[in-house]
Amino acid sequence: MERIPLLIDTDPGVDDALALLMAFADERHDLVGLTIAAGNVGLAHTVANALKLCEVAGRDDVPVFPGCAEPLLHAADDASYVHGRDGFGDTGYAPAARAAEAEHAALAILRLSHAHAGRLLLVALGPLTNLALALKLDPTLPQRVARCVVMGGAVTGHGNVTPSAEFNAWFDPEAADIVFRAFPRIELADWEAVVRHGLDQAQAARWMREAGTPRAAFYEAISRHTREWSQDRRGDRWHCADALAMALALAPEGAAPLAERPLSIELAHGLCRGATVVDWDRRVPGSPDNAAILMDYDQARFEALVRSALGAA
Ligand code: BDR
Ligand code: CA
């Protein structure tokens with residue numbers, strides 16, 4: 001069977017890293033590149049983290065393309081309080097031997113969309129700045145993308161960074177607005193779906209410790225700070241957002257039927273900036289169903305994907 005070309009835009013980030021390990025482990029997909037955003041921490045760190053994770057996982061064949069260092073219009077605070085100052089738990093790892101590519105992420109997205117036109121699976125795990133820039137350079141991009149899967153938003157307004165907004169949408173709302181207007185159908189794993197699909201903290205830690213693979217040992221170390229932070233605030237279930245989005249991307253058969261609805265982004269500077277407003281009752285005539293929202297994912301399948309990403313039994 002011909003493998004599906006997969007391009008991931010990401011801001012690693014501890015949960016991004018687990019999602020990337022899932023993609024590395026998947027035999028049905030061919031990972032053609034990582035385009036890197038700023039978000040969880042600054043771009044220098046997210047690029048360094050992507051390169052290091054590839055090295056540890058033996059995937060130096062995957063090109064890494066640095067993208068935008070800032071949101072399109074308005075600066076926003078990072079999430080280093082969750083992921084550590086370097087985004088990977090401040091373990092002091094030795095930098096990867098390999099350097100990133102010279103090509104900008106937005107240009108790489110466009111080039112790879114042509115190279116894999118009609119077949120490309122595009123997965124966005126961070127703020128949508130690179131994707132928005134690519135769309136401004138070439139608005140025909142969505143025509144060449146077979147599926148676009150996004151981690152972001154809070155579809156009934158239960159945010160994780162403000163009362164109403166989720167981090168990725170909140171960090172660069174103008175970019176999210178551009179992307180949600182441009183793509184006819186975005187498969188969305190939002191924060192609220194993530195909360196319904198937590199991983200048991202003790203069990204996840206056991207998978208990492210017992211796997212006996214270099215990637216699991218590395219992941220155990222870089223995720224420790226975040227897992228402890230999460231346990232203190234959110235209890236025994238760890239909400240590993242990007243891993244759930246990656247499960248939807250790699251194994252969509254694990255998802256219950258997606259809820260197709262119109263979704264728009266609130267851009268006003270106030271309490272609701274970055275909110276993903278879903279027209280659940282289709283009150284605005286003529287608004288297309290641009291979001292296919294993940295409501296439920298087979299938890300056992302999700303956990304099996306995480307285990308095999310780590311190399312755990
Ligand atoms: C999202 O925000 C980031 O902190 C995570 O990496 C994830 O992509 C969750 O809201
Ligand atoms: Ca992320």
# chains A, B, ... in the order shown; residues from 1 in each chain; ligands from 1
call {"tool": "residues_around", "arguments": {"residues": "range 93-106 of chain A", "least_positions_apart": "3", "cutoff": "7 Å", "atoms": "only C-alpha atoms", "output": "VMD selection string"}}
result
chain A and resid 35 to 36 48 51 to 52 55 63 to 67 109 to 110 130 to 131 133 to 134
call {"tool": "write_last_selection", "arguments": {"atoms": "all heavy atoms", "output": "CSV table (one decimal), in the first residue's frame"}}
result
chain,number,residue,atom,x,y,z
A,35,THR,N,7.4,21.5,9.8
A,35,THR,CA,7.5,23.0,9.8
A,35,THR,C,7.2,23.5,11.2
A,35,THR,O,6.4,23.0,11.9
A,35,THR,CB,6.5,23.6,8.7
A,35,THR,OG1,5.2,23.2,9.0
A,35,THR,CG2,6.9,23.1,7.3
A,36,ILE,N,8.1,24.5,11.6
A,36,ILE,CA,8.1,24.8,13.0
A,36,ILE,C,7.6,26.2,13.3
A,36,ILE,O,8.0,27.2,12.6
A,36,ILE,CB,9.6,24.7,13.5
A,36,ILE,CG1,10.2,23.3,13.1
A,36,ILE,CG2,9.6,24.9,15.0
A,36,ILE,CD1,9.5,22.1,13.7
A,48,ALA,N,15.1,23.8,17.8
A,48,ALA,CA,16.1,22.9,18.5
A,48,ALA,C,15.5,21.6,19.0
A,48,ALA,O,16.0,20.5,18.9
A,48,ALA,CB,16.8,23.7,19.6
A,51,LEU,N,14.7,19.2,16.1
A,51,LEU,CA,15.9,18.5,15.7
A,51,LEU,C,16.3,17.5,16.6
A,51,LEU,O,16.7,16.4,16.3
A,51,LEU,CB,17.0,19.6,15.4
A,51,LEU,CG,16.8,20.5,14.2
A,51,LEU,CD1,17.7,21.7,14.3
A,51,LEU,CD2,16.9,19.8,12.9
A,52,LYS,N,16.3,17.8,17.9
A,52,LYS,CA,16.7,16.8,18.9
A,52,LYS,C,15.9,15.6,19.0
A,52,LYS,O,16.3,14.5,19.1
A,52,LYS,CB,16.8,17.5,20.3
A,52,LYS,CG,17.3,16.7,21.4
A,52,LYS,CD,18.8,16.4,21.2
A,52,LYS,CE,19.4,15.4,22.2
A,52,LYS,NZ,20.8,15.1,21.9
A,55,GLU,N,16.7,13.3,16.2
A,55,GLU,CA,17.9,12.7,16.4
A,55,GLU,C,17.7,11.5,17.4
A,55,GLU,O,18.2,10.4,17.1
A,55,GLU,CB,19.0,13.6,17.0
A,55,GLU,CG,20.3,13.1,17.2
A,55,GLU,CD,21.3,14.2,17.7
A,55,GLU,OE1,21.9,14.8,16.9
A,55,GLU,OE2,21.4,14.4,19.0
A,63,PRO,N,13.2,16.4,7.2
A,63,PRO,CA,13.7,17.8,7.2
A,63,PRO,C,12.8,18.7,8.2
A,63,PRO,O,11.6,18.5,8.3
A,63,PRO,CB,13.5,18.2,5.7
A,63,PRO,CG,12.5,17.3,5.2
A,63,PRO,CD,12.6,16.0,5.9
A,64,VAL,N,13.6,19.6,8.8
A,64,VAL,CA,12.9,20.6,9.7
A,64,VAL,C,13.1,22.0,9.2
A,64,VAL,O,14.2,22.4,8.9
A,64,VAL,CB,13.7,20.4,11.1
A,64,VAL,CG1,13.2,21.5,12.1
A,64,VAL,CG2,13.4,19.0,11.7
A,65,PHE,N,11.9,22.6,9.0
A,65,PHE,CA,11.9,24.0,8.4
A,65,PHE,C,11.4,25.0,9.4
A,65,PHE,O,10.3,25.0,9.8
A,65,PHE,CB,10.9,24.0,7.2
A,65,PHE,CG,11.2,22.9,6.2
A,65,PHE,CD1,10.5,21.7,6.2
A,65,PHE,CD2,12.1,23.2,5.2
A,65,PHE,CE1,10.7,20.7,5.2
A,65,PHE,CE2,12.4,22.2,4.2
A,65,PHE,CZ,11.7,21.0,4.2
A,66,PRO,N,12.3,25.9,9.8
A,66,PRO,CA,11.9,27.0,10.7
A,66,PRO,C,10.9,28.0,10.1
A,66,PRO,O,11.1,28.3,8.9
A,66,PRO,CB,13.2,27.7,11.0
A,66,PRO,CG,14.3,26.9,10.5
A,66,PRO,CD,13.7,26.1,9.4
A,67,GLY,N,9.9,28.4,10.9
A,67,GLY,CA,8.9,29.3,10.4
A,67,GLY,C,8.9,30.6,11.1
A,67,GLY,O,10.0,31.2,11.4
A,109,ILE,N,5.8,24.4,3.1
A,109,ILE,CA,4.4,23.9,3.1
A,109,ILE,C,3.9,24.0,1.6
A,109,ILE,O,3.3,23.0,1.1
A,109,ILE,CB,3.5,24.8,4.0
A,109,ILE,CG1,3.9,24.5,5.5
A,109,ILE,CG2,2.0,24.5,3.8
A,109,ILE,CD1,3.2,25.5,6.5
A,110,LEU,N,4.1,25.1,1.0
A,110,LEU,CA,3.6,25.3,-0.4
A,110,LEU,C,4.3,24.3,-1.4
A,110,LEU,O,3.7,23.6,-2.2
A,110,LEU,CB,3.8,26.7,-0.9
A,110,LEU,CG,3.0,27.7,-0.1
A,110,LEU,CD1,3.3,29.2,-0.6
A,110,LEU,CD2,1.5,27.5,-0.3
A,130,ASN,N,2.4,29.9,10.5
A,130,ASN,CA,3.0,29.4,9.3
A,130,ASN,C,2.0,29.1,8.2
A,130,ASN,O,2.2,29.5,7.0
A,130,ASN,CB,3.9,28.2,9.5
A,130,ASN,CG,5.1,28.5,10.4
A,130,ASN,OD1,5.6,29.6,10.5
A,130,ASN,ND2,5.5,27.5,11.1
A,131,LEU,N,0.9,28.5,8.6
A,131,LEU,CA,-0.1,28.1,7.6
A,131,LEU,C,-0.8,29.3,7.1
A,131,LEU,O,-1.1,29.4,5.9
A,131,LEU,CB,-1.1,27.2,8.4
A,131,LEU,CG,-1.6,26.0,7.7
A,131,LEU,CD1,-0.5,25.2,7.1
A,131,LEU,CD2,-2.4,25.1,8.6
A,133,LEU,N,0.5,32.3,6.8
A,133,LEU,CA,1.4,33.0,5.8
A,133,LEU,C,1.4,32.2,4.5
A,133,LEU,O,1.4,32.8,3.4
A,133,LEU,CB,2.8,33.0,6.5
A,133,LEU,CG,3.9,33.7,5.6
A,133,LEU,CD1,3.5,35.1,5.3
A,133,LEU,CD2,5.2,33.7,6.4
A,134,ALA,N,1.5,30.9,4.6
A,134,ALA,CA,1.5,30.1,3.3
A,134,ALA,C,0.2,30.4,2.5
A,134,ALA,O,0.3,30.6,1.3
A,134,ALA,CB,1.6,28.6,3.6
call {"tool": "select_by_dssp", "arguments": {"residues": "range 12-209 of chain A", "states": "alpha helix (DSSP H)", "output": "ChimeraX atom specification"}}
result
/A:14-25,43-56,80-83,105-115,129-137,167-171,173-182,191-196,201-209
call {"tool": "atom_distance", "arguments": {"atom1": "CA of Arg237 in chain A", "atom2": "CA of Gly89 in chain A"}}
result
18.9 Å
call {"tool": "residues_near_ligand", "arguments": {"ligand": "ligand 1", "cutoff": "9 Å", "atoms": "only C-alpha atoms and all ligand atoms", "output": "ChimeraX atom specification"}}
result
/A:10-17,39-41,78-80,82-83,124-127,151-154,159-161,165-169,171,190-191,194,239-243,245
call {"tool": "residues_around", "arguments": {"residues": "range 139-141 of chain A", "least_positions_apart": "5", "cutoff": "12 Å", "atoms": "only C-alpha atoms", "output": "list in words"}}
result
Ala106, Leu107, Ala108, Ile109, Leu110, Arg111, Leu112, Ser113, His114, Ala115, His116, Ala117, Gly118, Leu120, Leu122, Leu131, Ala132, Leu133, Ala134, Ala146, Arg147, Cys148, Ile178, Val179, Arg181, Ala182, Phe183 and Pro184 of chain A
call {"tool": "write_last_selection", "arguments": {"atoms": "C-alpha atoms", "output": "compact mmCIF listing (two decimals), in the first residue's frame"}}
result
# COMPACT_ATOMS: atom_id res chain seq x y z
CA ALA A 106 5.64 28.67 4.74
CA LEU A 107 7.53 28.05 1.50
CA ALA A 108 8.14 24.42 2.43
CA ILE A 109 4.41 23.94 3.07
CA LEU A 110 3.64 25.27 -0.41
CA ARG A 111 6.39 23.27 -2.14
CA LEU A 112 5.41 20.03 -0.42
CA SER A 113 1.75 20.67 -1.19
CA HIS A 114 2.67 20.67 -4.88
CA ALA A 115 4.94 17.64 -4.57
CA HIS A 116 2.11 15.67 -2.92
CA ALA A 117 -0.89 17.41 -4.46
CA GLY A 118 -4.19 15.72 -3.71
CA LEU A 120 -1.15 15.42 1.51
CA LEU A 122 -1.47 18.35 6.83
CA LEU A 131 -0.08 28.06 7.63
CA ALA A 132 -1.69 31.51 7.45
CA LEU A 133 1.41 32.96 5.84
CA ALA A 134 1.47 30.11 3.30
CA ALA A 146 -6.39 15.93 1.12
CA ARG A 147 -6.98 16.36 4.86
CA CYS A 148 -6.17 19.16 7.26
CA ILE A 178 -7.20 33.12 7.96
CA VAL A 179 -6.83 29.33 8.12
CA ARG A 181 -11.76 30.86 6.39
CA ALA A 182 -9.51 29.27 3.76
CA PHE A 183 -9.89 25.54 4.27
CA PRO A 184 -13.27 24.09 3.33
call {"tool": "closest_residue", "arguments": {"among": "A:Arg227, A:Arg3, A:His197, A:His29", "to": "Tyr81 in chain A", "atoms": "only C-alpha atoms"}}
result
A:Arg227
